[in-house]
Structures are given as C-alpha cells and as structure tokens.
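**Q** This is final.txt (compact mmCIF, N, CA and C atoms).
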```txt
# COMPACT_ATOMS: atom_id res chain seq x y z
N MET A 1 -92.58 76.54 10.31
CA MET A 1 -91.23 76.30 10.72
C MET A 1 -90.83 74.91 10.24
N LYS A 2 -89.62 74.83 9.68
CA LYS A 2 -89.12 73.56 9.15
C LYS A 2 -88.45 72.78 10.27
N ALA A 3 -88.76 71.50 10.34
CA ALA A 3 -88.17 70.65 11.38
C ALA A 3 -86.94 69.95 10.80
N TYR A 4 -85.90 69.90 11.61
CA TYR A 4 -84.68 69.21 11.21
C TYR A 4 -84.64 67.87 11.91
N SER A 5 -84.26 66.87 11.16
CA SER A 5 -84.14 65.56 11.78
C SER A 5 -82.70 65.10 11.66
N PHE A 6 -82.29 64.31 12.58
CA PHE A 6 -80.93 63.79 12.56
C PHE A 6 -80.88 62.59 11.63
N SER A 7 -79.93 62.62 10.73
CA SER A 7 -79.73 61.51 9.83
C SER A 7 -78.34 60.96 10.07
N PRO A 8 -78.20 59.64 10.07
CA PRO A 8 -76.85 59.09 10.28
C PRO A 8 -75.88 59.48 9.17
N PHE A 9 -76.41 59.97 8.08
CA PHE A 9 -75.56 60.36 6.97
C PHE A 9 -75.53 61.87 6.79
N SER A 10 -75.74 62.60 7.84
CA SER A 10 -75.63 64.05 7.75
C SER A 10 -74.18 64.43 7.49
N VAL A 11 -73.95 65.64 7.13
CA VAL A 11 -72.60 66.10 6.78
C VAL A 11 -71.63 65.85 7.93
N CYS A 12 -72.04 66.16 9.13
CA CYS A 12 -71.16 65.99 10.29
C CYS A 12 -70.85 64.51 10.51
N SER A 13 -71.87 63.69 10.51
CA SER A 13 -71.61 62.27 10.77
C SER A 13 -70.88 61.60 9.62
N ARG A 14 -71.08 62.07 8.37
CA ARG A 14 -70.30 61.53 7.25
C ARG A 14 -68.82 61.83 7.44
N SER A 15 -68.53 62.98 7.96
CA SER A 15 -67.13 63.33 8.22
C SER A 15 -66.52 62.43 9.29
N VAL A 16 -67.31 62.14 10.30
CA VAL A 16 -66.84 61.26 11.37
C VAL A 16 -66.61 59.86 10.82
N TRP A 17 -67.57 59.34 10.03
CA TRP A 17 -67.42 58.01 9.44
C TRP A 17 -66.21 57.97 8.51
N THR A 18 -66.00 59.02 7.73
CA THR A 18 -64.84 59.08 6.83
C THR A 18 -63.55 59.03 7.64
N LEU A 19 -63.51 59.75 8.73
CA LEU A 19 -62.33 59.74 9.58
C LEU A 19 -62.08 58.34 10.16
N ILE A 20 -63.13 57.69 10.65
CA ILE A 20 -62.98 56.36 11.23
C ILE A 20 -62.49 55.36 10.19
N VAL A 21 -63.09 55.39 9.00
CA VAL A 21 -62.67 54.48 7.92
C VAL A 21 -61.22 54.76 7.52
N SER A 22 -60.86 56.03 7.43
CA SER A 22 -59.49 56.40 7.06
C SER A 22 -58.48 55.88 8.08
N VAL A 23 -58.81 56.00 9.36
CA VAL A 23 -57.91 55.51 10.41
C VAL A 23 -57.77 54.00 10.33
N LEU A 24 -58.88 53.29 10.12
CA LEU A 24 -58.82 51.83 9.99
C LEU A 24 -57.99 51.41 8.79
N ILE A 25 -58.17 52.07 7.67
CA ILE A 25 -57.37 51.76 6.48
C ILE A 25 -55.90 52.00 6.76
N PHE A 26 -55.58 53.10 7.42
CA PHE A 26 -54.19 53.43 7.75
C PHE A 26 -53.53 52.32 8.55
N PHE A 27 -54.25 51.76 9.53
CA PHE A 27 -53.67 50.74 10.40
C PHE A 27 -53.56 49.37 9.74
N PHE A 28 -54.36 49.12 8.71
CA PHE A 28 -54.35 47.79 8.11
C PHE A 28 -53.65 47.71 6.76
N ILE A 29 -53.14 48.83 6.27
CA ILE A 29 -52.39 48.81 5.01
C ILE A 29 -51.02 48.21 5.26
N SER A 30 -50.58 47.36 4.35
CA SER A 30 -49.26 46.76 4.46
C SER A 30 -48.24 47.70 3.82
N VAL A 31 -47.30 48.16 4.60
CA VAL A 31 -46.28 49.08 4.13
C VAL A 31 -44.94 48.36 4.09
N GLN A 32 -44.26 48.47 2.96
CA GLN A 32 -42.94 47.86 2.82
C GLN A 32 -41.91 48.79 3.43
N PRO A 33 -41.25 48.39 4.51
CA PRO A 33 -40.27 49.27 5.12
C PRO A 33 -39.01 49.41 4.26
N VAL A 34 -38.41 50.57 4.33
CA VAL A 34 -37.14 50.81 3.66
C VAL A 34 -36.08 50.74 4.73
N VAL A 35 -35.14 49.83 4.56
CA VAL A 35 -34.12 49.62 5.57
C VAL A 35 -32.77 50.02 5.00
N SER A 36 -32.09 50.88 5.71
CA SER A 36 -30.75 51.27 5.28
C SER A 36 -29.76 50.21 5.75
N ALA A 37 -28.51 50.43 5.42
CA ALA A 37 -27.46 49.49 5.84
C ALA A 37 -27.45 49.37 7.35
N THR A 38 -27.15 48.20 7.83
CA THR A 38 -27.09 47.99 9.27
C THR A 38 -25.90 48.75 9.85
N THR A 39 -25.98 49.01 11.12
CA THR A 39 -24.91 49.74 11.79
C THR A 39 -23.58 49.02 11.64
N SER A 40 -23.60 47.70 11.68
CA SER A 40 -22.33 46.97 11.55
C SER A 40 -21.72 47.19 10.17
N LYS A 41 -22.57 47.30 9.13
CA LYS A 41 -22.03 47.56 7.80
C LYS A 41 -21.50 48.99 7.71
N LEU A 42 -22.19 49.94 8.35
CA LEU A 42 -21.73 51.32 8.30
C LEU A 42 -20.39 51.49 9.00
N ASN A 43 -20.16 50.71 10.03
CA ASN A 43 -18.92 50.84 10.78
C ASN A 43 -17.82 49.91 10.27
N ASN A 44 -18.12 49.14 9.25
CA ASN A 44 -17.14 48.19 8.71
C ASN A 44 -16.05 48.97 7.98
N SER A 45 -14.87 49.02 8.56
CA SER A 45 -13.79 49.80 7.96
C SER A 45 -13.14 49.10 6.78
N ASP A 46 -13.48 47.81 6.56
CA ASP A 46 -12.90 47.08 5.43
C ASP A 46 -13.77 47.15 4.18
N SER A 47 -14.91 47.76 4.29
CA SER A 47 -15.84 47.85 3.17
C SER A 47 -15.45 48.98 2.22
N THR A 48 -15.62 48.74 0.93
CA THR A 48 -15.44 49.84 -0.02
C THR A 48 -16.57 50.84 0.19
N VAL A 49 -16.36 52.06 -0.22
CA VAL A 49 -17.36 53.10 -0.02
C VAL A 49 -17.27 54.11 -1.15
N ILE A 50 -18.40 54.71 -1.48
CA ILE A 50 -18.42 55.80 -2.45
C ILE A 50 -18.93 57.04 -1.73
N GLU A 51 -18.08 58.02 -1.67
CA GLU A 51 -18.43 59.32 -1.11
C GLU A 51 -19.16 60.10 -2.19
N TYR A 52 -20.24 60.80 -1.82
CA TYR A 52 -20.91 61.64 -2.81
C TYR A 52 -21.07 63.06 -2.28
N LEU A 53 -21.01 64.00 -3.22
CA LEU A 53 -21.24 65.40 -2.91
C LEU A 53 -22.11 65.99 -4.02
N ARG A 54 -23.08 66.79 -3.64
CA ARG A 54 -23.89 67.54 -4.60
C ARG A 54 -23.56 69.02 -4.40
N LEU A 55 -23.23 69.69 -5.50
CA LEU A 55 -22.85 71.10 -5.44
C LEU A 55 -23.75 71.92 -6.36
N ALA A 56 -24.00 73.14 -5.98
CA ALA A 56 -24.68 74.08 -6.86
C ALA A 56 -23.64 74.61 -7.85
N VAL A 57 -23.89 74.39 -9.14
CA VAL A 57 -22.96 74.85 -10.19
C VAL A 57 -23.77 75.49 -11.32
N PRO A 58 -23.82 76.83 -11.34
CA PRO A 58 -24.56 77.51 -12.41
C PRO A 58 -23.97 77.23 -13.80
N LYS A 59 -24.82 77.27 -14.81
CA LYS A 59 -24.41 76.98 -16.19
C LYS A 59 -23.22 77.83 -16.61
N ASN A 60 -23.29 79.11 -16.31
CA ASN A 60 -22.24 80.02 -16.77
C ASN A 60 -20.93 79.87 -16.00
N GLU A 61 -20.90 79.01 -14.97
CA GLU A 61 -19.68 78.83 -14.19
C GLU A 61 -19.20 77.38 -14.17
N LYS A 62 -19.76 76.56 -15.04
CA LYS A 62 -19.40 75.13 -15.06
C LYS A 62 -17.91 74.95 -15.36
N ASP A 63 -17.38 75.67 -16.34
CA ASP A 63 -15.96 75.52 -16.69
C ASP A 63 -15.06 75.94 -15.53
N ALA A 64 -15.45 76.99 -14.82
CA ALA A 64 -14.67 77.43 -13.66
C ALA A 64 -14.69 76.35 -12.57
N TRP A 65 -15.84 75.73 -12.35
CA TRP A 65 -15.94 74.64 -11.36
C TRP A 65 -15.00 73.49 -11.73
N LEU A 66 -15.05 73.08 -13.01
CA LEU A 66 -14.19 71.97 -13.45
C LEU A 66 -12.71 72.32 -13.28
N ALA A 67 -12.34 73.56 -13.61
CA ALA A 67 -10.95 73.99 -13.46
C ALA A 67 -10.53 74.02 -11.99
N ALA A 68 -11.44 74.48 -11.11
CA ALA A 68 -11.13 74.52 -9.68
C ALA A 68 -10.98 73.11 -9.11
N GLU A 69 -11.81 72.18 -9.56
CA GLU A 69 -11.69 70.78 -9.14
C GLU A 69 -10.34 70.21 -9.60
N LYS A 70 -10.01 70.45 -10.85
CA LYS A 70 -8.78 69.94 -11.43
C LYS A 70 -7.54 70.51 -10.74
N GLY A 71 -7.62 71.76 -10.32
CA GLY A 71 -6.47 72.42 -9.70
C GLY A 71 -6.33 72.21 -8.21
N SER A 72 -7.31 71.59 -7.58
CA SER A 72 -7.23 71.43 -6.13
C SER A 72 -7.49 69.98 -5.69
N TRP A 73 -8.71 69.54 -5.80
CA TRP A 73 -9.07 68.21 -5.30
C TRP A 73 -8.42 67.08 -6.10
N GLU A 74 -8.36 67.23 -7.41
CA GLU A 74 -7.83 66.13 -8.23
C GLU A 74 -6.41 65.73 -7.85
N PRO A 75 -5.46 66.67 -7.80
CA PRO A 75 -4.09 66.24 -7.44
C PRO A 75 -3.99 65.73 -6.00
N TRP A 76 -4.75 66.32 -5.10
CA TRP A 76 -4.71 65.88 -3.71
C TRP A 76 -5.26 64.47 -3.56
N LEU A 77 -6.41 64.20 -4.19
CA LEU A 77 -7.02 62.88 -4.10
C LEU A 77 -6.09 61.78 -4.63
N LYS A 78 -5.40 62.07 -5.74
CA LYS A 78 -4.52 61.07 -6.35
C LYS A 78 -3.40 60.61 -5.41
N LYS A 79 -3.08 61.42 -4.40
CA LYS A 79 -2.02 61.09 -3.45
C LYS A 79 -2.54 60.35 -2.21
N GLN A 80 -3.86 60.21 -2.09
CA GLN A 80 -4.43 59.64 -0.87
C GLN A 80 -4.46 58.12 -0.89
N LYS A 81 -4.09 57.53 0.23
CA LYS A 81 -4.15 56.08 0.39
C LYS A 81 -5.60 55.62 0.24
N GLY A 82 -5.81 54.63 -0.60
CA GLY A 82 -7.14 54.05 -0.76
C GLY A 82 -8.02 54.73 -1.79
N PHE A 83 -7.56 55.86 -2.35
CA PHE A 83 -8.36 56.53 -3.37
C PHE A 83 -8.40 55.64 -4.61
N VAL A 84 -9.60 55.40 -5.14
CA VAL A 84 -9.76 54.55 -6.32
C VAL A 84 -10.03 55.40 -7.55
N LYS A 85 -11.10 56.20 -7.51
CA LYS A 85 -11.41 57.05 -8.66
C LYS A 85 -12.40 58.13 -8.25
N ARG A 86 -12.52 59.13 -9.10
CA ARG A 86 -13.47 60.21 -8.89
C ARG A 86 -14.21 60.45 -10.19
N GLU A 87 -15.52 60.56 -10.11
CA GLU A 87 -16.35 60.84 -11.28
C GLU A 87 -17.12 62.13 -11.04
N LEU A 88 -17.12 62.99 -12.05
CA LEU A 88 -17.83 64.26 -11.96
C LEU A 88 -18.98 64.26 -12.97
N PHE A 89 -20.16 64.63 -12.49
CA PHE A 89 -21.34 64.71 -13.33
C PHE A 89 -21.95 66.10 -13.17
N TRP A 90 -22.65 66.56 -14.21
CA TRP A 90 -23.29 67.87 -14.13
C TRP A 90 -24.68 67.79 -14.74
N ASP A 91 -25.66 68.32 -14.04
CA ASP A 91 -27.05 68.35 -14.48
C ASP A 91 -27.38 69.77 -14.91
N PRO A 92 -27.52 70.00 -16.23
CA PRO A 92 -27.78 71.36 -16.70
C PRO A 92 -29.17 71.88 -16.32
N ASN A 93 -30.13 70.98 -16.15
CA ASN A 93 -31.49 71.42 -15.80
C ASN A 93 -31.56 71.98 -14.38
N ASN A 94 -30.88 71.33 -13.46
CA ASN A 94 -30.89 71.78 -12.06
C ASN A 94 -29.66 72.59 -11.68
N GLU A 95 -28.73 72.73 -12.65
CA GLU A 95 -27.48 73.45 -12.41
C GLU A 95 -26.82 72.92 -11.13
N GLU A 96 -26.57 71.62 -11.18
CA GLU A 96 -26.05 70.91 -10.02
C GLU A 96 -25.00 69.90 -10.46
N ALA A 97 -23.96 69.77 -9.65
CA ALA A 97 -22.91 68.78 -9.92
C ALA A 97 -23.05 67.65 -8.92
N LEU A 98 -22.66 66.47 -9.36
CA LEU A 98 -22.60 65.29 -8.49
C LEU A 98 -21.20 64.73 -8.60
N LEU A 99 -20.53 64.59 -7.47
CA LEU A 99 -19.19 64.01 -7.43
C LEU A 99 -19.28 62.67 -6.72
N LEU A 100 -18.74 61.64 -7.36
CA LEU A 100 -18.67 60.31 -6.76
C LEU A 100 -17.21 59.96 -6.59
N ILE A 101 -16.78 59.77 -5.35
CA ILE A 101 -15.39 59.45 -5.05
C ILE A 101 -15.35 58.06 -4.44
N SER A 102 -14.67 57.14 -5.12
CA SER A 102 -14.59 55.75 -4.65
C SER A 102 -13.33 55.56 -3.82
N TRP A 103 -13.51 54.87 -2.68
CA TRP A 103 -12.42 54.57 -1.77
C TRP A 103 -12.31 53.06 -1.60
N ALA A 104 -11.09 52.55 -1.53
CA ALA A 104 -10.86 51.11 -1.37
C ALA A 104 -11.50 50.61 -0.07
N THR A 105 -11.33 51.36 1.00
CA THR A 105 -11.97 51.01 2.27
C THR A 105 -12.49 52.28 2.93
N ARG A 106 -13.47 52.09 3.75
CA ARG A 106 -14.04 53.23 4.48
C ARG A 106 -13.00 53.83 5.43
N SER A 107 -12.17 52.97 6.01
CA SER A 107 -11.16 53.48 6.95
C SER A 107 -10.12 54.33 6.23
N ASP A 108 -9.79 54.00 4.96
CA ASP A 108 -8.86 54.84 4.20
C ASP A 108 -9.40 56.27 4.12
N TRP A 109 -10.67 56.36 3.84
CA TRP A 109 -11.30 57.68 3.69
C TRP A 109 -11.42 58.39 5.03
N LYS A 110 -11.92 57.68 6.03
CA LYS A 110 -12.24 58.31 7.31
C LYS A 110 -11.02 58.60 8.18
N THR A 111 -9.85 58.05 7.84
CA THR A 111 -8.67 58.35 8.64
C THR A 111 -7.93 59.60 8.15
N ILE A 112 -8.39 60.20 7.07
CA ILE A 112 -7.77 61.44 6.59
C ILE A 112 -8.13 62.54 7.60
N PRO A 113 -7.15 63.25 8.11
CA PRO A 113 -7.43 64.31 9.10
C PRO A 113 -8.34 65.40 8.52
N GLN A 114 -9.33 65.80 9.30
CA GLN A 114 -10.27 66.84 8.87
C GLN A 114 -9.54 68.13 8.52
N SER A 115 -8.48 68.44 9.24
CA SER A 115 -7.73 69.67 8.96
C SER A 115 -7.14 69.64 7.55
N GLU A 116 -6.71 68.47 7.10
CA GLU A 116 -6.17 68.34 5.75
C GLU A 116 -7.27 68.56 4.70
N ILE A 117 -8.43 67.98 4.94
CA ILE A 117 -9.57 68.17 4.03
C ILE A 117 -9.97 69.64 3.99
N ASP A 118 -10.00 70.27 5.16
CA ASP A 118 -10.35 71.70 5.23
C ASP A 118 -9.38 72.55 4.43
N ASN A 119 -8.08 72.22 4.50
CA ASN A 119 -7.08 72.98 3.74
C ASN A 119 -7.29 72.85 2.23
N VAL A 120 -7.63 71.65 1.77
CA VAL A 120 -7.87 71.46 0.33
C VAL A 120 -9.14 72.22 -0.07
N GLN A 121 -10.15 72.18 0.79
CA GLN A 121 -11.39 72.90 0.50
C GLN A 121 -11.14 74.40 0.41
N ILE A 122 -10.32 74.92 1.28
CA ILE A 122 -9.98 76.36 1.23
C ILE A 122 -9.29 76.67 -0.09
N GLY A 123 -8.35 75.82 -0.49
CA GLY A 123 -7.68 76.02 -1.78
C GLY A 123 -8.65 75.96 -2.95
N PHE A 124 -9.59 75.01 -2.90
CA PHE A 124 -10.61 74.90 -3.94
C PHE A 124 -11.44 76.19 -4.01
N GLU A 125 -11.90 76.66 -2.86
CA GLU A 125 -12.74 77.86 -2.82
C GLU A 125 -11.98 79.10 -3.30
N GLU A 126 -10.71 79.23 -2.91
CA GLU A 126 -9.91 80.38 -3.36
C GLU A 126 -9.75 80.36 -4.88
N LEU A 127 -9.44 79.19 -5.43
CA LEU A 127 -9.31 79.06 -6.88
C LEU A 127 -10.64 79.32 -7.57
N ALA A 128 -11.72 78.79 -7.02
CA ALA A 128 -13.05 78.99 -7.60
C ALA A 128 -13.45 80.46 -7.58
N MET A 129 -13.15 81.16 -6.49
CA MET A 129 -13.46 82.59 -6.42
C MET A 129 -12.66 83.38 -7.45
N LYS A 130 -11.40 83.02 -7.60
CA LYS A 130 -10.55 83.69 -8.58
C LYS A 130 -11.09 83.47 -10.00
N LEU A 131 -11.48 82.23 -10.30
CA LEU A 131 -11.96 81.90 -11.65
C LEU A 131 -13.34 82.49 -11.96
N THR A 132 -14.16 82.69 -10.92
CA THR A 132 -15.51 83.24 -11.14
C THR A 132 -15.57 84.74 -10.84
N HIS A 133 -14.46 85.32 -10.40
CA HIS A 133 -14.38 86.74 -10.06
C HIS A 133 -15.35 87.10 -8.92
N LYS A 134 -15.48 86.18 -7.97
CA LYS A 134 -16.31 86.44 -6.79
C LYS A 134 -15.39 86.52 -5.59
N GLU A 135 -15.78 87.33 -4.64
CA GLU A 135 -14.98 87.48 -3.43
C GLU A 135 -15.80 87.09 -2.21
N PHE A 136 -15.16 86.45 -1.27
CA PHE A 136 -15.71 86.16 0.06
C PHE A 136 -16.86 85.15 0.06
N VAL A 137 -17.07 84.43 -1.03
CA VAL A 137 -18.14 83.44 -1.02
C VAL A 137 -17.76 82.26 -1.92
N ASN A 138 -17.99 81.06 -1.43
CA ASN A 138 -17.74 79.87 -2.23
C ASN A 138 -18.77 79.86 -3.37
N PRO A 139 -18.33 79.95 -4.63
CA PRO A 139 -19.29 79.97 -5.73
C PRO A 139 -19.99 78.63 -5.97
N PHE A 140 -19.49 77.56 -5.36
CA PHE A 140 -20.05 76.22 -5.56
C PHE A 140 -20.34 75.56 -4.22
N PRO A 141 -21.36 76.04 -3.52
CA PRO A 141 -21.65 75.49 -2.19
C PRO A 141 -22.13 74.04 -2.25
N ILE A 142 -21.80 73.31 -1.20
CA ILE A 142 -22.23 71.92 -1.08
C ILE A 142 -23.71 71.90 -0.69
N LYS A 143 -24.51 71.19 -1.47
CA LYS A 143 -25.95 71.05 -1.18
C LYS A 143 -26.22 69.85 -0.28
N SER A 144 -25.46 68.78 -0.50
CA SER A 144 -25.58 67.60 0.35
C SER A 144 -24.35 66.72 0.14
N GLN A 145 -24.13 65.84 1.10
CA GLN A 145 -23.00 64.91 1.00
C GLN A 145 -23.30 63.69 1.85
N GLY A 146 -22.61 62.60 1.53
CA GLY A 146 -22.82 61.37 2.28
C GLY A 146 -22.01 60.25 1.67
N GLU A 147 -22.47 59.02 1.91
CA GLU A 147 -21.74 57.87 1.43
C GLU A 147 -22.69 56.76 1.01
N PHE A 148 -22.23 55.96 0.06
CA PHE A 148 -22.95 54.77 -0.39
C PHE A 148 -22.07 53.56 -0.13
N LEU A 149 -22.68 52.50 0.35
CA LEU A 149 -21.97 51.25 0.60
C LEU A 149 -22.47 50.18 -0.37
N PRO A 150 -21.59 49.31 -0.85
CA PRO A 150 -22.05 48.24 -1.74
C PRO A 150 -22.94 47.27 -0.98
N GLN A 151 -23.89 46.72 -1.68
CA GLN A 151 -24.84 45.78 -1.05
C GLN A 151 -24.73 44.42 -1.71
```
What does the file become when written as structure tokens?
**A**
Amino acid sequence: MKAYSFSPFSVCSRSVWTLIVSVLIFFFISVQPVVSATTSKLNNSDSTVIEYLRLAVPKNEKDAWLAAEKGSWEPWLKKQKGFVKRELFWDPNNEEALLLISWATRSDWKTIPQSEIDNVQIGFEELAMKLTHKEFVNPFPIKSQGEFLPQ
C-alpha cells in the first residue's frame, strides 16, 4: 500500500496559496480612478454641451437615414435657441451612425419641451419608414445617447 504524505505544495494547498497571493496583489495594486465631470459641472446650465446619439443604420439604408434626418431634425434644429451645429458620422463596419449636436448652453438644450422632441422624432420615424418601405418600426433605432461637456 502506498502512503500519502502531506506536502505544503500539494495541489490543494498551491491553490490556496495562489488565492492568498492574488488577493494580496489585488489590494496593493495602484489603480488610477476614472472620474467623470463633477455634479456641479453637470448641472451648470451655462456650460456648452454636445449631445450624442448612436443609431443602428444598415449599409443599404444609409441614404434613407440621411434623407430622413435632413427632412425632419435638420430644419427643426436650425430653429432652436442655442443650437450651434450638428455633425453626422457613419461607420460602415458596424453599420452605425453617430450624431453630435452642439448647444451653446446646456439650459438651451434641456429647456426644450419633451413633447416637442417627441413630435420631431415621430416625424423622423414616419419619414424613415416611408423611405425604407418598412411599417410599424423605426428603421434606425437609438443604440445609446448622452452628453459630453468641455473640460
């Protein structure tokens, strides 16, 4: 019969030592924190701001998306107080659009009534559906949206 002896470096104890060392390394590693804008900057209504939107835009419908933007959001934005400019980008690899809308102040942007924005969005979607021959679904859904503040 073979006798087994306990070794401090057996498979089980090596796993325990690995875990202990890993935990110690985790606690002593210096991590550089990523800090977003402070709350006071986010609430600063006098600050310029860039609104961003990412949309799904398939290759075969890019022209329809551009036409729907031009026929709905573009004329409406040009009439808005504080609107500075709008830039449209398209990524053919990911079939995704990026819209950057610059506002003179955050309050100019945020004081626009949501109902007004909703009405323009409905018009955009109706035009987009007509141009893509799709019914009952926005052909260019929003993937994400948010804002950037100057630093």
**Q** At what distance in Å, to one decimal, does atom N of Pro58 (chain A) lie from atom C of Trp73 (chain A)?
**A**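 Atom-to-atom, atom C of Trp73 (chain A) and atom N of Pro58 (chain A) are spaced 19.0 Å apart.
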**Q** Residues of region 51-100 of chain A within 5 Å of region 125-142 of chain A: nearest atom pair and distance (Å, one decimal) for each, counting all atoms listed in the file, sorted by chain and number, as JSON lines?
**A**
```
{"residue": "A:Arg54", "atom": "C", "partner": "A:Ile142", "partner_atom": "CA", "distance": 4.6}
{"residue": "A:Leu55", "atom": "CA", "partner": "A:Pro141", "partner_atom": "C", "distance": 4.4}
{"residue": "A:Ala56", "atom": "N", "partner": "A:Pro141", "partner_atom": "C", "distance": 4.3}
```
**Q** Could you tell me which of A:Gly82, A:Leu77, A:Glu87, A:Gln151 comes closest to Glu116 (chain A) if we count only C-alpha atoms?
**A**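 Between A:Gly82, A:Leu77, A:Glu87, A:Gln151, the residue approaching Glu116 (chain A) most closely is A:Leu77.
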**Q** Quick one: of A:Ser47, A:Asn93, A:Leu149, A:Lys78, who's nearest to Lys59 (chain A), counting only C-alpha atoms?
**A**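 Among A:Ser47, A:Asn93, A:Leu149, A:Lys78, it is A:Asn93 that comes nearest to Lys59 (chain A).
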**Q** Please extract the residues of region 52-103 of chain A with a backbone DSSP assignment of strand (DSSP E or B) and present them as a list in words.
**A**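 Result set for region 52-103 of chain A (strand (DSSP E or B)): Tyr52, Leu53, Arg54, Leu55, Ala56, Phe83, Val84, Lys85, Arg86, Glu87, Leu88, Phe89, Trp90, Asp91, Glu96, Ala97, Leu98, Leu99, Leu100, Ile101, Ser102 and Trp103 of chain A.
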**Q** At what distance in Å, to one decimal, does atom C of Asp91 (chain A) lie from atom C of Trp76 (chain A)?
**A**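 Atom-to-atom, atom C of Trp76 (chain A) and atom C of Asp91 (chain A) are spaced 25.4 Å apart.
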**Q** Tell me, in Å to one decimal, how far CA of Ile117 (chain A) is from atom N of Val49 (chain A).
**A** 18.0 Å
**Q** Which one is closest to Ser144 (chain A): A:Asp46, A:Pro92, A:Tyr52, A:Gln114? Count all atoms listed in the file.
**A**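 Answer, going by the shortest atom-to-atom distance: A:Tyr52.
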**Q** How would you write, as a VMD selection string, the set of residues in region 35-108 of chain A that DSSP gives as helix (DSSP H, G or I)?
**A** chain A and resid 39 to 42 59 to 71 73 to 78 106 to 108
**Q** So which residues are close to (-10.9, 72.0, -2.5), meaning at most 8 Å away in the file's coordinates with all atoms listed in the file counted, and can you show them as a ChimeraX atom specification?
**A** /A:68-69,71-74,117-127
